[in-house]
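Below is input-v6.tsv, holding TSV, C-alpha atoms and all ligand atoms.
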```tsv
chain	number	residue	atom	x	y	z
Q	11	MET	CA	50.85	21.59	14.26
Q	12	SER	CA	53.38	19.74	12.15
Q	13	LEU	CA	52.94	19.40	8.43
Q	14	SER	CA	52.39	15.69	8.68
Q	15	SER	CA	49.61	16.12	11.24
Q	16	VAL	CA	47.97	18.76	9.00
Q	17	ALA	CA	48.20	16.34	6.09
Q	18	ARG	CA	46.81	13.51	8.20
Q	19	PHE	CA	43.83	15.65	9.03
Q	20	ALA	CA	43.31	17.51	5.76
Q	21	VAL	CA	43.85	14.74	3.25
Q	22	PRO	CA	41.06	12.44	4.45
Q	23	VAL	CA	38.72	15.42	4.82
Q	24	LEU	CA	39.45	16.61	1.28
Q	25	PHE	CA	39.21	13.15	-0.21
Q	26	GLY	CA	36.19	12.39	1.88
Q	27	ALA	CA	34.45	15.43	0.40
Q	28	LEU	CA	35.54	14.58	-3.13
Q	29	LEU	CA	34.69	10.92	-2.87
Q	30	SER	CA	31.63	11.00	-0.63
Q	31	PRO	CA	29.20	9.41	-3.15
Q	32	ALA	CA	31.69	6.59	-3.75
Q	33	VAL	CA	32.21	6.21	0.00
Q	34	ALA	CA	28.47	5.95	0.55
Q	35	ASP	CA	28.23	3.18	-2.07
Q	36	ASP	CA	31.15	1.49	-0.43
Q	37	THR	CA	29.37	0.85	2.87
Q	38	PHE	CA	27.27	-1.63	0.88
Q	39	SER	CA	30.28	-3.48	-0.61
Q	40	ILE	CA	32.15	-3.52	2.70
Q	41	ALA	CA	29.14	-5.02	4.47
Q	42	GLN	CA	28.54	-7.52	1.66
Q	43	ALA	CA	32.19	-8.67	1.70
Q	44	GLU	CA	32.08	-9.19	5.46
Q	45	TYR	CA	28.76	-11.03	5.17
Q	46	ASP	CA	30.28	-13.44	2.61
Q	47	GLN	CA	33.33	-14.02	4.81
Q	48	ALA	CA	31.33	-14.63	8.00
Q	49	LEU	CA	28.89	-16.97	6.33
Q	50	ALA	CA	31.68	-19.12	4.90
Q	51	LEU	CA	33.09	-19.81	8.40
Q	52	SER	CA	32.00	-22.59	10.76
Q	53	PRO	CA	30.56	-20.99	13.87
Q	54	ASP	CA	31.88	-21.78	17.33
Q	55	LEU	CA	28.93	-21.64	19.74
Q	56	GLU	CA	31.09	-21.46	22.87
Q	57	ASN	CA	32.86	-18.39	21.55
Q	58	GLY	CA	29.47	-17.03	20.48
Q	59	ARG	CA	28.25	-17.36	24.04
Q	60	ARG	CA	31.21	-15.35	25.33
Q	61	THR	CA	30.77	-12.72	22.64
Q	62	TYR	CA	27.08	-12.44	23.48
Q	63	LEU	CA	27.92	-11.09	26.96
Q	64	THR	CA	28.31	-7.64	25.37
Q	65	CYS	CA	25.01	-7.88	23.53
Q	66	ALA	CA	23.04	-9.05	26.56
Q	67	VAL	CA	23.19	-5.65	28.23
Q	68	CYS	CA	20.77	-4.32	25.64
Q	69	HIS	CA	19.14	-7.37	24.06
Q	70	ARG	CA	18.88	-9.04	27.51
Q	71	PRO	CA	20.36	-12.44	28.42
Q	72	GLU	CA	17.50	-14.26	26.63
Q	73	GLY	CA	17.81	-12.15	23.45
Q	74	TRP	CA	14.17	-11.13	23.77
Q	75	GLY	CA	14.77	-7.37	23.74
Q	76	THR	CA	12.09	-5.23	25.40
Q	77	VAL	CA	8.33	-5.17	24.75
Q	78	ASP	CA	8.46	-1.40	24.21
Q	79	GLY	CA	10.50	-2.18	21.10
Q	80	ALA	CA	13.51	-0.12	22.14
Q	81	TYR	CA	15.49	-3.35	21.68
Q	82	PRO	CA	14.34	-5.98	19.20
Q	83	GLN	CA	13.92	-9.67	19.93
Q	84	ILE	CA	16.91	-11.23	18.18
Q	85	ALA	CA	16.60	-14.75	19.67
Q	86	GLY	CA	15.63	-17.27	17.01
Q	87	GLN	CA	16.19	-14.85	14.12
Q	88	SER	CA	17.96	-16.61	11.25
Q	89	ARG	CA	21.75	-16.61	11.21
Q	90	THR	CA	21.90	-14.95	7.80
Q	91	VAL	CA	19.74	-12.03	8.95
Q	92	ILE	CA	21.81	-11.51	12.11
Q	93	VAL	CA	25.10	-11.65	10.21
Q	94	LYS	CA	23.78	-9.19	7.61
Q	95	GLN	CA	22.55	-6.72	10.22
Q	96	LEU	CA	25.84	-6.86	12.17
Q	97	ALA	CA	27.89	-6.34	9.01
Q	98	ASP	CA	25.56	-3.53	7.88
Q	99	ILE	CA	25.57	-1.75	11.24
Q	100	ARG	CA	29.33	-1.66	11.57
Q	101	ALA	CA	29.88	-0.65	7.94
Q	102	ARG	CA	27.32	2.09	8.65
Q	103	ASN	CA	25.16	0.66	5.91
Q	104	ARG	CA	22.42	0.62	8.58
Q	105	ASP	CA	22.23	3.54	10.96
Q	106	ASN	CA	22.27	2.36	14.58
Q	107	PRO	CA	24.26	4.87	16.64
Q	108	LEU	CA	23.41	3.17	19.93
Q	109	MET	CA	24.77	-0.24	18.95
Q	110	TYR	CA	27.46	0.97	16.55
Q	111	PRO	CA	30.36	1.17	19.07
Q	112	PHE	CA	29.66	-2.42	20.20
Q	113	SER	CA	29.72	-3.68	16.63
Q	114	LEU	CA	33.23	-2.42	15.91
Q	115	PRO	CA	36.05	-4.94	15.33
Q	116	ARG	CA	37.87	-3.67	18.44
Q	117	ILE	CA	34.95	-4.75	20.65
Q	118	LEU	CA	33.15	-7.46	18.68
Q	119	GLY	CA	36.06	-8.96	16.70
Q	120	GLY	CA	36.24	-10.06	13.07
Q	121	PRO	CA	34.05	-12.17	10.76
Q	122	GLN	CA	34.63	-15.27	12.91
Q	123	GLN	CA	33.11	-13.56	15.97
Q	124	ILE	CA	30.20	-12.34	13.85
Q	125	ALA	CA	29.60	-15.92	12.68
Q	126	ASP	CA	29.89	-17.22	16.25
Q	127	VAL	CA	27.59	-14.72	17.95
Q	128	ALA	CA	25.03	-14.99	15.14
Q	129	ALA	CA	24.88	-18.77	15.51
Q	130	TYR	CA	24.52	-18.41	19.28
Q	131	VAL	CA	21.69	-15.87	18.99
Q	132	ALA	CA	19.91	-17.89	16.28
Q	133	GLN	CA	19.64	-20.94	18.56
Q	134	LEU	CA	18.23	-19.03	21.56
Q	135	PRO	CA	14.56	-19.92	22.12
Q	136	MET	CA	12.08	-17.09	21.58
Q	137	THR	CA	9.49	-15.51	23.82
Q	138	ALA	CA	5.86	-15.44	22.76
Q	139	HIS	CA	5.27	-12.44	25.04
Q	140	ASN	CA	6.40	-9.86	22.54
Q	141	GLY	CA	5.01	-6.34	22.34
Q	142	GLN	CA	1.78	-6.35	20.32
Q	143	GLY	CA	-0.37	-3.61	18.80
Q	144	PRO	CA	-3.77	-2.35	19.93
Q	145	GLY	CA	-5.64	-5.30	18.35
Q	146	VAL	CA	-8.39	-3.20	16.77
Q	147	ASP	CA	-7.87	-3.86	13.04
Q	148	LEU	CA	-6.63	-7.40	12.78
Q	149	GLU	CA	-8.88	-8.48	9.92
Q	150	LEU	CA	-7.68	-5.63	7.73
Q	151	GLY	CA	-4.12	-6.27	8.88
Q	152	GLY	CA	-4.34	-9.95	7.97
Q	153	GLN	CA	-5.70	-9.24	4.49
Q	154	LEU	CA	-3.00	-6.70	3.72
Q	155	TYR	CA	-0.27	-8.89	5.20
Q	156	VAL	CA	-1.22	-11.85	3.04
Q	157	GLU	CA	-1.48	-9.67	-0.04
Q	158	HIS	CA	1.70	-7.59	0.37
Q	159	CYS	CA	4.11	-9.18	2.82
Q	160	ALA	CA	3.65	-12.94	3.03
Q	161	SER	CA	5.46	-13.64	-0.26
Q	162	CYS	CA	8.69	-12.53	1.41
Q	163	HIS	CA	8.19	-12.67	5.19
Q	164	GLY	CA	6.22	-15.93	5.00
Q	165	ALA	CA	2.55	-16.66	5.70
Q	166	ARG	CA	3.49	-17.42	9.32
Q	167	GLY	CA	5.97	-14.53	9.58
Q	168	GLU	CA	8.85	-17.00	9.58
Q	169	GLY	CA	11.06	-14.97	7.21
Q	170	ASN	CA	13.38	-16.54	4.66
Q	171	ALA	CA	16.90	-17.38	5.76
Q	172	ALA	CA	18.30	-17.95	2.25
Q	173	GLU	CA	17.06	-14.52	1.13
Q	174	ARG	CA	18.09	-12.83	4.41
Q	175	ILE	CA	14.50	-11.78	5.04
Q	176	PRO	CA	13.82	-11.31	8.77
Q	177	ALA	CA	11.19	-13.31	10.63
Q	178	VAL	CA	8.54	-10.89	11.92
Q	179	ALA	CA	6.54	-13.34	14.08
Q	180	GLY	CA	7.47	-12.67	17.71
Q	181	GLN	CA	8.97	-9.28	16.94
Q	182	HIS	CA	7.87	-6.34	19.09
Q	183	TYR	CA	5.20	-4.23	17.42
Q	184	PRO	CA	6.71	-0.85	18.38
Q	185	TYR	CA	10.00	-2.05	16.89
Q	186	THR	CA	8.51	-3.10	13.55
Q	187	MET	CA	6.53	0.17	13.40
Q	188	ARG	CA	9.78	2.09	13.85
Q	189	GLN	CA	11.63	0.00	11.27
Q	190	PHE	CA	8.84	0.34	8.73
Q	191	ASP	CA	8.97	4.14	9.13
Q	192	ALA	CA	12.76	4.14	9.02
Q	193	ILE	CA	12.81	2.12	5.79
Q	194	ARG	CA	10.19	4.34	4.15
Q	195	GLU	CA	11.94	7.54	5.18
Q	196	GLY	CA	15.35	6.29	4.04
Q	197	ARG	CA	16.82	6.17	7.54
Q	198	ARG	CA	17.32	2.42	7.28
Q	199	ASN	CA	19.21	2.39	4.04
Q	200	ASN	CA	20.20	-1.28	3.96
Q	201	ALA	CA	16.70	-2.44	3.10
Q	202	ASP	CA	16.02	-4.32	-0.07
Q	203	PRO	CA	14.48	-2.10	-2.83
Q	204	GLN	CA	11.43	-4.40	-2.97
Q	205	MET	CA	10.89	-3.93	0.75
Q	206	LEU	CA	11.29	-0.16	0.36
Q	207	LYS	CA	8.56	-0.19	-2.29
Q	208	GLN	CA	6.25	-1.99	0.15
Q	209	THR	CA	6.52	0.80	2.70
Q	210	HIS	CA	4.89	3.32	0.37
Q	211	GLY	CA	1.20	3.44	-0.29
Q	212	PHE	CA	-0.20	2.49	3.12
Q	213	ILE	CA	-2.01	4.98	5.32
Q	214	ALA	CA	-1.04	4.98	8.99
Q	215	ARG	CA	-4.06	2.88	9.99
Q	216	GLU	CA	-3.13	0.18	7.46
Q	217	GLN	CA	0.50	0.09	8.52
Q	218	ALA	CA	-0.51	-0.27	12.17
Q	219	ALA	CA	-3.01	-3.01	11.25
Q	220	ILE	CA	-0.49	-5.05	9.22
Q	221	LEU	CA	2.24	-4.85	11.83
Q	222	ASP	CA	-0.19	-5.56	14.66
Q	223	TYR	CA	-1.30	-8.69	12.78
Q	224	ALA	CA	2.34	-9.68	12.20
Q	225	SER	CA	3.17	-9.21	15.91
Q	226	ARG	CA	0.46	-11.77	16.74
Q	227	LEU	CA	1.65	-14.46	14.34
Q	228	PRO	CA	2.58	-17.33	16.65
Q	229	VAL	CA	6.23	-18.18	17.14
Q	230	PRO	CA	6.84	-21.71	15.72
Q	231	PRO	CA	6.59	-24.23	18.59
Q	232	GLU	CA	10.09	-25.60	17.93
Q	233	LYS	CA	11.53	-22.10	18.49
Q	234	LEU	CA	9.49	-21.26	21.57
Q	235	ALA	CA	11.07	-21.03	25.05
Q	236	ALA	CA	9.35	-22.92	27.86
Q	237	GLU	CA	7.30	-20.62	30.13
Q	238	GLY	CA	9.64	-19.02	32.68
Q	239	TRP	CA	12.82	-20.04	30.83
Q	240	MET	CA	15.91	-18.07	31.72
Q	241	ASN	CA	19.14	-18.38	29.78
Q	242	PRO	CA	21.33	-20.70	31.91
Q	243	ASP	CA	24.43	-19.17	30.30
Q	244	PHE	CA	23.66	-16.14	32.49
Q	245	PRO	CA	23.69	-17.30	36.12
Q	246	ALA	CA	22.60	-14.82	38.78
Q	247	ASP	CA	26.10	-13.45	39.42
Q	248	LEU	CA	26.49	-12.54	35.75
Q	249	ARG	CA	23.05	-10.95	35.60
Q	250	GLY	CA	23.59	-8.82	38.71
Q	251	PRO	CA	24.57	-5.47	37.21
Q	252	MET	CA	22.36	-5.74	34.14
Q	253	ASP	CA	19.22	-7.13	35.68
Q	254	PHE	CA	16.60	-4.42	35.54
Q	255	PRO	CA	13.33	-5.10	37.38
Q	256	PRO	CA	10.94	-7.24	35.30
Q	257	LEU	CA	9.17	-5.19	32.67
Q	258	PRO	CA	5.46	-4.61	33.20
Q	259	PRO	CA	3.22	-6.00	30.42
Q	260	MET	CA	2.11	-3.55	27.74
Q	261	PRO	CA	-1.15	-1.91	28.81
Q	262	ARG	CA	-4.14	-2.78	26.64
Q	263	MET	CA	-4.89	0.16	24.39
Q	264	PRO	CA	-8.50	1.40	24.41
Q	265	LEU	CA	-10.44	1.50	21.15
Q	266	ALA	CA	-9.05	4.53	19.39
Q	267	PRO	CA	-11.27	7.19	17.79
Q	268	PRO	CA	-10.49	7.89	14.10
Q	269	GLY	CA	-7.21	9.73	13.66
Q	270	MET	CA	-5.84	8.53	16.98
Q	271	LEU	CA	-3.66	5.92	15.32
Q	272	GLU	CA	-1.80	8.53	13.26
Q	273	MET	CA	1.81	8.20	14.30
Q	274	PRO	CA	3.59	11.30	15.59
Q	275	PRO	CA	6.79	12.12	13.69
Q	276	PRO	CA	9.65	9.85	14.83
Q	277	PRO	CA	12.14	11.41	17.24
Q	278	ALA	CA	15.48	12.53	15.83
Q	279	LEU	CA	18.19	9.86	15.99
Q	280	PRO	CA	20.88	10.45	18.61
Q	281	ALA	CA	24.26	11.54	17.23
Q	282	TYR	CA	27.06	8.99	16.92
Q	283	PRO	CA	29.11	9.07	20.13
Q	284	ALA	CA	32.79	9.97	19.87
Q	285	SER	CA	34.78	6.77	19.33
Q	286	PRO	CA	36.31	5.45	22.56
Q	287	PRO	CA	40.06	6.10	22.97
Q	288	GLU	CA	42.48	3.41	21.73
Q	289	PRO	CA	43.57	1.19	24.61
K	1	LIG	C1	23.93	-0.46	23.47
K	1	LIG	C2	22.84	-1.36	23.18
K	1	LIG	C3	23.10	-2.49	22.21
K	1	LIG	C4	24.11	-3.44	22.25
K	1	LIG	C5	25.23	-3.57	23.25
K	1	LIG	C6	23.85	-4.32	21.14
K	1	LIG	N1	22.73	-3.94	20.46
K	1	LIG	FE1	21.91	-4.85	18.86
K	1	LIG	N2	20.55	-3.36	18.67
K	1	LIG	C7	20.39	-2.34	19.56
K	1	LIG	C8	19.29	-1.48	19.11
K	1	LIG	C9	18.79	-0.22	19.79
K	1	LIG	C10	18.79	-2.06	17.90
K	1	LIG	C11	17.65	-1.55	17.05
K	1	LIG	C12	18.06	-0.28	16.36
K	1	LIG	C13	16.96	0.35	15.54
K	1	LIG	O1	15.92	0.67	16.10
K	1	LIG	O2	17.13	0.46	14.32
K	1	LIG	C14	19.61	-3.25	17.66
K	1	LIG	C15	19.45	-4.08	16.58
K	1	LIG	C16	20.10	-5.30	16.42
K	1	LIG	C17	19.85	-6.25	15.35
K	1	LIG	C18	18.85	-6.10	14.22
K	1	LIG	C19	17.58	-6.84	14.56
K	1	LIG	C20	16.53	-6.75	13.50
K	1	LIG	O3	15.70	-7.67	13.45
K	1	LIG	O4	16.51	-5.78	12.75
K	1	LIG	C21	20.67	-7.32	15.57
K	1	LIG	C22	20.75	-8.59	14.73
K	1	LIG	C23	21.44	-7.03	16.75
K	1	LIG	N3	21.08	-5.80	17.26
K	1	LIG	C24	22.39	-7.90	17.29
K	1	LIG	C25	23.28	-7.53	18.31
K	1	LIG	C26	24.41	-8.34	18.72
K	1	LIG	C27	24.73	-9.72	18.18
K	1	LIG	C28	25.07	-7.62	19.69
K	1	LIG	C29	26.36	-7.97	20.40
K	1	LIG	C30	27.51	-8.16	19.57
K	1	LIG	C31	24.33	-6.38	19.89
K	1	LIG	N4	23.26	-6.36	19.04
K	1	LIG	C32	24.65	-5.41	20.83
K	1	LIG	C33	21.13	-2.10	20.69
K	1	LIG	C34	22.25	-2.81	21.08
K	2	LIG	C1	10.31	-8.42	-1.77
K	2	LIG	C2	10.39	-8.96	-0.42
K	2	LIG	C3	9.70	-8.18	0.69
K	2	LIG	C4	8.38	-7.79	0.80
K	2	LIG	C5	7.28	-7.98	-0.23
K	2	LIG	C6	8.25	-7.20	2.10
K	2	LIG	N1	9.45	-7.21	2.76
K	2	LIG	FE1	9.80	-6.51	4.65
K	2	LIG	N2	11.78	-6.91	4.42
K	2	LIG	C7	12.36	-7.53	3.33
K	2	LIG	C8	13.79	-7.62	3.53
K	2	LIG	C9	14.79	-8.24	2.58
K	2	LIG	C10	14.07	-7.02	4.80
K	2	LIG	C11	15.42	-6.86	5.47
K	2	LIG	C12	16.17	-5.70	4.88
K	2	LIG	C13	17.55	-5.60	5.51
K	2	LIG	O1	18.41	-6.37	5.15
K	2	LIG	O2	17.70	-4.81	6.43
K	2	LIG	C14	12.77	-6.59	5.32
K	2	LIG	C15	12.61	-5.96	6.56
K	2	LIG	C16	11.37	-5.69	7.13
K	2	LIG	C17	11.18	-5.21	8.48
K	2	LIG	C18	12.27	-4.98	9.51
K	2	LIG	C19	12.40	-6.27	10.32
K	2	LIG	C20	13.56	-6.33	11.26
K	2	LIG	O3	13.67	-7.35	11.95
K	2	LIG	O4	14.34	-5.40	11.35
K	2	LIG	C21	9.83	-5.09	8.68
K	2	LIG	C22	9.14	-4.64	9.94
K	2	LIG	C23	9.19	-5.48	7.44
K	2	LIG	N3	10.15	-5.85	6.53
K	2	LIG	C24	7.82	-5.49	7.25
K	2	LIG	C25	7.22	-5.75	6.03
K	2	LIG	C26	5.80	-5.61	5.79
K	2	LIG	C27	4.79	-5.22	6.84
K	2	LIG	C28	5.58	-5.92	4.47
K	2	LIG	C29	4.28	-5.86	3.72
K	2	LIG	C30	3.59	-4.60	3.72
K	2	LIG	C31	6.87	-6.27	3.90
K	2	LIG	N4	7.82	-6.15	4.87
K	2	LIG	C32	7.06	-6.69	2.60
K	2	LIG	C33	11.70	-8.00	2.22
K	2	LIG	C34	10.36	-7.80	1.92
```

Starting from the coordinates I provided, produce the structure as structure tokens.
Amino acid sequence: MSLSSVARFAVPVLFGALLSPAVADDTFSIAQAEYDQALALSPDLENGRRTYLTCAVCHRPEGWGTVDGAYPQIAGQSRTVIVKQLADIRARNRDNPLMYPFSLPRILGGPQQIADVAAYVAQLPMTAHNGQGPGVDLELGGQLYVEHCASCHGARGEGNAAERIPAVAGQHYPYTMRQFDAIREGRRNNADPQMLKQTHGFIAREQAAILDYASRLPVPPEKLAAEGWMNPDFPADLRGPMDFPPLPPMPRMPLAPPGMLEMPPPPALPAYPASPPEP
């Protein structure tokens, strides 16, 4: 091992150890700077469509994700929220090991591509057939939602684009349950401090009730896809390799006895994969 290769290895490790609190803070500033840059650019929808080809493998050609909540519905989400999440994920200000490699500049591109793909995703029509909760506690859920969440996420779950607050109407219930847990437990560290505060102080039954209610808030008609709509930007030959069989609808959950709605502890996050070799 030459001296220079030792130095190349040891110096970042040493500085990394010395500076780690500063580095952790920095993920926030890096993401914020990229957010500001991307938002100042005019998006190019055609380039956004091309960029979205990478995303479609997971978020599906329509951007509807999967009803089991493994992949969120991103169609129709506001541009500011999408840009913020992309900037956060690649700055590692939001932990998302699965999507992380696809968010890197080498694959996704710079702030212009972020602006483009976000504008493309934001204009995709949404599905109303999102994953919903068991439907057993909607009155309680509605009361708590209005009292604690509507001021930010909107009475109709429409979010707030200017404040980068995500729309929750149309989002998959298992996804919002996971995010709520992740925010509370500090695994989703990009969340607003006010949002973090909201995740404390609910018992499991209340959390499930609120998010079930939110999952049933109707998608605004102007954002809704026509029944049977398929994204024409993905003709059959493009869909071929990524088209999984249609997902079965979520089974109706039976009325749960007390205690049944307690959530099991969330599974451990997968480790970050090794970065792909330079071309
Ligand atoms: C390998 C699969 C994969 C690919 C490819 C992928 N994503 Fe994701 N994405 C995910 C997963 C999984 C999540 C949710 C992670 C979690 O549970 O915290 C996510 C979350 C998101 C979110 C946050 C949604 C929200 O409401 O919180 C946005 C926005 C997003 N992805 C956009 C994109 C875009 C745009 C692309 C293409 C450039 C892309 N994703 C590519 C898997 C992927
Ligand atoms: C003070 C404003 C505020 C309040 C009140 C608030 N939130 Fe949020 N919430 C946010 C912001 C901002 C984010 C996005 C954080 C980020 O950038 O990742 C968020 C994110 C979320 C997410 C993740 C959504 C996604 O697409 O990834 C869920 C789920 C959520 N909030 C549910 C709730 C619920 C349920 C309540 C009421 C109990 C609530 N929030 C109250 C501001 C708020």

Expected selection as an MDAnalysis selection string for ligand LIG 1 (chain K) within 6 Å, all atoms listed in the file: chainID Q and resid 62 64:65 67:68 80:82 84 92 95:96 106 108:109 112:113 118 127

Please identify every residue of chain Q that has at least one atom no farther than 7 Å from an atom of ligand LIG 2 (chain K), counting only C-alpha atoms and all ligand atoms, and for each give the shortest atom pair and the distance in Å to one decimal, arranged by chain then increasing number, as JSON lines.
```
{"residue": "Q:Val91", "atom": "CA", "partner": "K:LIG2", "partner_atom": "O1", "distance": 6.9}
{"residue": "Q:Lys94", "atom": "CA", "partner": "K:LIG2", "partner_atom": "O1", "distance": 6.5}
{"residue": "Q:Gln95", "atom": "CA", "partner": "K:LIG2", "partner_atom": "O2", "distance": 6.4}
{"residue": "Q:Leu154", "atom": "CA", "partner": "K:LIG2", "partner_atom": "C30", "distance": 6.9}
{"residue": "Q:Tyr155", "atom": "CA", "partner": "K:LIG2", "partner_atom": "C29", "distance": 5.7}
{"residue": "Q:His158", "atom": "CA", "partner": "K:LIG2", "partner_atom": "C29", "distance": 4.6}
{"residue": "Q:Cys159", "atom": "CA", "partner": "K:LIG2", "partner_atom": "C29", "distance": 3.4}
{"residue": "Q:Ala160", "atom": "CA", "partner": "K:LIG2", "partner_atom": "C5", "distance": 7.0}
{"residue": "Q:Ser161", "atom": "CA", "partner": "K:LIG2", "partner_atom": "C5", "distance": 5.9}
{"residue": "Q:Cys162", "atom": "CA", "partner": "K:LIG2", "partner_atom": "C2", "distance": 4.4}
{"residue": "Q:His163", "atom": "CA", "partner": "K:LIG2", "partner_atom": "N1", "distance": 6.1}
{"residue": "Q:Glu173", "atom": "CA", "partner": "K:LIG2", "partner_atom": "C9", "distance": 6.8}
{"residue": "Q:Arg174", "atom": "CA", "partner": "K:LIG2", "partner_atom": "C9", "distance": 5.9}
{"residue": "Q:Ile175", "atom": "CA", "partner": "K:LIG2", "partner_atom": "C9", "distance": 4.3}
{"residue": "Q:Pro176", "atom": "CA", "partner": "K:LIG2", "partner_atom": "O3", "distance": 5.1}
{"residue": "Q:Ala177", "atom": "CA", "partner": "K:LIG2", "partner_atom": "O3", "distance": 6.6}
{"residue": "Q:Val178", "atom": "CA", "partner": "K:LIG2", "partner_atom": "C19", "distance": 6.2}
{"residue": "Q:Thr186", "atom": "CA", "partner": "K:LIG2", "partner_atom": "C22", "distance": 4.0}
{"residue": "Q:Met187", "atom": "CA", "partner": "K:LIG2", "partner_atom": "C22", "distance": 6.5}
{"residue": "Q:Gln189", "atom": "CA", "partner": "K:LIG2", "partner_atom": "C18", "distance": 5.3}
{"residue": "Q:Phe190", "atom": "CA", "partner": "K:LIG2", "partner_atom": "C22", "distance": 5.1}
{"residue": "Q:Asn200", "atom": "CA", "partner": "K:LIG2", "partner_atom": "O2", "distance": 5.0}
{"residue": "Q:Ala201", "atom": "CA", "partner": "K:LIG2", "partner_atom": "C12", "distance": 3.8}
{"residue": "Q:Asp202", "atom": "CA", "partner": "K:LIG2", "partner_atom": "C9", "distance": 4.9}
{"residue": "Q:Gln204", "atom": "CA", "partner": "K:LIG2", "partner_atom": "C1", "distance": 4.3}
{"residue": "Q:Met205", "atom": "CA", "partner": "K:LIG2", "partner_atom": "C34", "distance": 4.1}
{"residue": "Q:Gln208", "atom": "CA", "partner": "K:LIG2", "partner_atom": "C30", "distance": 5.2}
{"residue": "Q:Thr209", "atom": "CA", "partner": "K:LIG2", "partner_atom": "C30", "distance": 6.2}
{"residue": "Q:Ile220", "atom": "CA", "partner": "K:LIG2", "partner_atom": "C27", "distance": 5.8}
{"residue": "Q:Leu221", "atom": "CA", "partner": "K:LIG2", "partner_atom": "C27", "distance": 5.6}
```

Can I get the selection written as a short mmCIF file (atom, residue, chain, number, x, y, z; two decimals), keeping the file's coordinate frame, with C-alpha atoms?
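selection_5.cif was written with the following content:
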```cif
data_model
loop_
_atom_site.label_atom_id
_atom_site.label_comp_id
_atom_site.auth_asym_id
_atom_site.auth_seq_id
_atom_site.Cartn_x
_atom_site.Cartn_y
_atom_site.Cartn_z
CA VAL Q 91 19.74 -12.03 8.95
CA LYS Q 94 23.78 -9.19 7.61
CA GLN Q 95 22.55 -6.72 10.22
CA LEU Q 154 -3.00 -6.70 3.72
CA TYR Q 155 -0.27 -8.89 5.20
CA HIS Q 158 1.70 -7.59 0.37
CA CYS Q 159 4.11 -9.18 2.82
CA ALA Q 160 3.65 -12.94 3.03
CA SER Q 161 5.46 -13.64 -0.26
CA CYS Q 162 8.69 -12.53 1.41
CA HIS Q 163 8.19 -12.67 5.19
CA GLU Q 173 17.06 -14.52 1.13
CA ARG Q 174 18.09 -12.83 4.41
CA ILE Q 175 14.50 -11.78 5.04
CA PRO Q 176 13.82 -11.31 8.77
CA ALA Q 177 11.19 -13.31 10.63
CA VAL Q 178 8.54 -10.89 11.92
CA THR Q 186 8.51 -3.10 13.55
CA MET Q 187 6.53 0.17 13.40
CA GLN Q 189 11.63 0.00 11.27
CA PHE Q 190 8.84 0.34 8.73
CA ASN Q 200 20.20 -1.28 3.96
CA ALA Q 201 16.70 -2.44 3.10
CA ASP Q 202 16.02 -4.32 -0.07
CA GLN Q 204 11.43 -4.40 -2.97
CA MET Q 205 10.89 -3.93 0.75
CA GLN Q 208 6.25 -1.99 0.15
CA THR Q 209 6.52 0.80 2.70
CA ILE Q 220 -0.49 -5.05 9.22
CA LEU Q 221 2.24 -4.85 11.83
#
```

Among listed residues Q:Pro111, Q:Gly143, Q:Gly73, Q:Gly79, nearest Q:Ala235 (using all atoms listed in the file):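 Smallest distance to Q:Ala235 is found for Q:Gly73.
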
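Note that the spacing between atom CA of Q:Ala284 and atom CA of Q:Ile99 amounts to 16.2 Å.
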
Shell around Q:Ala224 at 12 Å using only C-alpha atoms, local window under 2 positions removed, as a PyMOL selection string: chain Q and resi 140-143+145+147-156+159-160+163-169+177-187+217-222+226-229
